[in-house]
Every structure is written in C-alpha cells, then in structure tokens.
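Chemist: One structure follows; several queries about it will come next.
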Amino acid sequence: MMQRRTPAFLLALTVLLVTGSACNKEKDTKAVITIQNEDGDRVEGAYVKLYANPLPPLQSDYSRLKKEGMTDSKGQVEFDYTGLYEQGAAGFAVLNITSFKDSAVGEGIIKIVEEETNEETVTLVHI
C-alpha cells in the first residue's frame with residue numbers, strides 16, 4: 001500500500017517545487033527622472049541622459065547603462081533597466097544625470113536599486 005502512494009507523493013512534491021520556484025518573478029527595475037525649472041514647474045521636452053562615469057582602471061563596459069530620452073508632458077522620462085539586472089546580484093548602479101532644454105542645464109545622480117522604481121528630480125538652471 002505504501003509503495004503505490006510513494007510515486008504519487010513524489011509527483012505532487014515535484015509539481016509543488018517547480019510551480020513554487022516560478023513565483024519568484026523578477027520585478028521591474030526602473031528610473032523615473034523629473035525635470036523642473038527654477039520655479040519648480042515641470043519641463044516638457046527636455047533632453048535627459050543617464051550614464052555611468054566609472055573611475056579608471058575599471059575595465060567593464062558601462063555603455064550598456066547609458067539611456068537617453070525626452071521628458072513627457074508631465075516633465076518625466078522613464079528608463080527601464082529590468083533586462084540589465086541579474087537576480088541575486090549585489091547592488092546595481094549609481095548613474096549621472098545630465099539634462100538640458102534651450103539655454104537651461106541641470107545635473108544630478110541617481111542610485112538604481114534593483115527591482116524598484118527609482119525616482120530623482122533635476123532642476124534646470126539658465127546659463
């Protein structure tokens with residue numbers, strides 16, 4: 001009697017383990033940058049670039065982290081780093097932010113935490 005239950009138990013246990021491990025889905029890793037002017041008003045149509053600026057003699061190719069875009073009507077641009085993050089890795093990146101529109105420029109930094117939506121605001125200053 002015990003021998004008949006053993007294969008069914010093993011099958012049920014295997015199915016449980018396979019489906020249980022599939023539940024650990026990777027969450028999105030995103031950066032949302034908001035651009036504002038000196039008055040605090042959001043700026044539509046501003047150019048935004050995120051990039052790594054490592055110190056030498058690091059040999060890794062950080063160009064894969066570079067993303068560029070334009071702000072939308074809410075003064076925001078979103079960059080998705082989900083495909084670049086590997087689950088189980090310790091930390092992800094600290095990136096520089098450069099933005100400009102017309103004669104106004106702004107800079108900042110953002111720490112990208114894996115599997116989170118990371119937000120930063122940059123103020124454009126007329127030069």
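By convention here, the chains of the structure tokens are called A, B, ... in the order presented, each chain's residues are numbered starting at 1, and ligands are numbered starting at 1 in the order presented.
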List as a list in words the protein and nucleic acid residues near Phe79 of chain A, meaning an atom at most 9 Å away when only C-alpha atoms are counted, but skip any in the same chain fewer than 2 places from it.
Modeler: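 That gives Thr29, Lys30, Ala31, Val32, Ile33, Leu50, Lys67, Glu68, Gly69, Val77 and Tyr81 of chain A.
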Chemist: Put those residues in a file: N, CA and C atoms, as a tab-separated table (two decimals), in the first residue's frame.
Modeler:
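Result file result.tsv:
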```
chain	number	residue	atom	x	y	z
A	29	THR	N	12.97	47.02	-12.73
A	29	THR	CA	13.98	47.96	-12.24
A	29	THR	C	13.91	49.18	-13.15
A	30	LYS	N	13.40	50.29	-12.61
A	30	LYS	CA	13.18	51.47	-13.44
A	30	LYS	C	13.76	52.72	-12.79
A	31	ALA	N	14.04	53.70	-13.64
A	31	ALA	CA	14.46	55.03	-13.19
A	31	ALA	C	13.48	56.03	-13.79
A	32	VAL	N	12.89	56.86	-12.94
A	32	VAL	CA	11.99	57.91	-13.39
A	32	VAL	C	12.63	59.24	-13.02
A	33	ILE	N	12.92	60.04	-14.03
A	33	ILE	CA	13.57	61.34	-13.84
A	33	ILE	C	12.54	62.43	-14.11
A	50	LEU	N	21.09	59.37	-18.86
A	50	LEU	CA	21.64	58.67	-17.70
A	50	LEU	C	22.86	57.90	-18.18
A	67	LYS	N	21.33	55.62	-21.18
A	67	LYS	CA	19.98	55.75	-21.74
A	67	LYS	C	19.72	57.23	-21.98
A	68	GLU	N	18.97	57.53	-23.04
A	68	GLU	CA	18.63	58.89	-23.39
A	68	GLU	C	17.14	58.98	-23.71
A	69	GLY	N	16.55	60.13	-23.41
A	69	GLY	CA	15.15	60.33	-23.72
A	69	GLY	C	14.73	61.76	-23.53
A	77	VAL	N	10.62	61.36	-17.63
A	77	VAL	CA	11.05	60.34	-18.58
A	77	VAL	C	11.38	59.09	-17.76
A	81	TYR	N	15.59	49.38	-16.69
A	81	TYR	CA	16.84	48.63	-16.55
A	81	TYR	C	16.59	47.17	-16.17
```
Chemist: Compile the contact shell of Tyr47 of chain A as a ChimeraX atom specification: residues with an atom at most 7 Å away, counting only C-alpha atoms, same-chain residues fewer than 2 positions apart removed.
Modeler: /A:45,49,69-71,99-101
Chemist: Just want the 9 Å neighbourhood of Arg64 of chain A, counted on only C-alpha atoms, with same-chain residues fewer than 2 positions away dropped. Output as a list in words.
Modeler: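 Answer for this query is Tyr51, Asp61, Tyr62, Lys66, Lys67 and Leu84 of chain A.
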Chemist: How about saving the chosen residues, C-alpha atoms kept, as a JSON list (two decimals), in the first residue's frame?
Modeler:
```json
[["chain", "number", "residue", "atom", "x", "y", "z"],
["A", 51, "TYR", "CA", 25.16, 57.24, -17.79],
["A", 61, "ASP", "CA", 31.67, 48.13, -20.40],
["A", 62, "TYR", "CA", 29.36, 50.65, -18.74],
["A", 66, "LYS", "CA", 23.56, 54.74, -20.96],
["A", 67, "LYS", "CA", 19.98, 55.75, -21.74],
["A", 84, "LEU", "CA", 20.23, 44.51, -17.31]]
```
Chemist: My list of candidates is A:Val43, A:Ala93, A:Leu65, A:Ile35. Which is closest to Gly108 of chain A when distances are computed with only C-alpha atoms?
Modeler: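 Checking each of A:Val43, A:Ala93, A:Leu65, A:Ile35 against Gly108 of chain A, counting only C-alpha atoms, the winner is A:Ile35.
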Chemist: Could you pull the residues within 9 Å of Asp102 of chain A, counting only C-alpha atoms, minus those fewer than 2 positions along the same chain, as number ranges by chain?
Modeler: A: 46, 100, 104-105, 126
Chemist: Smallest atom-to-atom distance to Thr121 of chain A: which of A:Val94, A:Glu26, A:Thr34, A:Glu107, using only C-alpha atoms?
Modeler: A:Thr34
Chemist: Under the rule that only C-alpha atoms are counted, which of A:Gln76, A:Ser103, A:Asn53, A:Thr98 is the nearest residue to Glu119 of chain A?
Modeler: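 So, comparing all the options, the nearest one is A:Gln76.
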Chemist: What's the separation between atom CA of Ile97 of chain A and atom CA of Lys27 of chain A, in Å to one decimal place?
Modeler: 23.4 Å
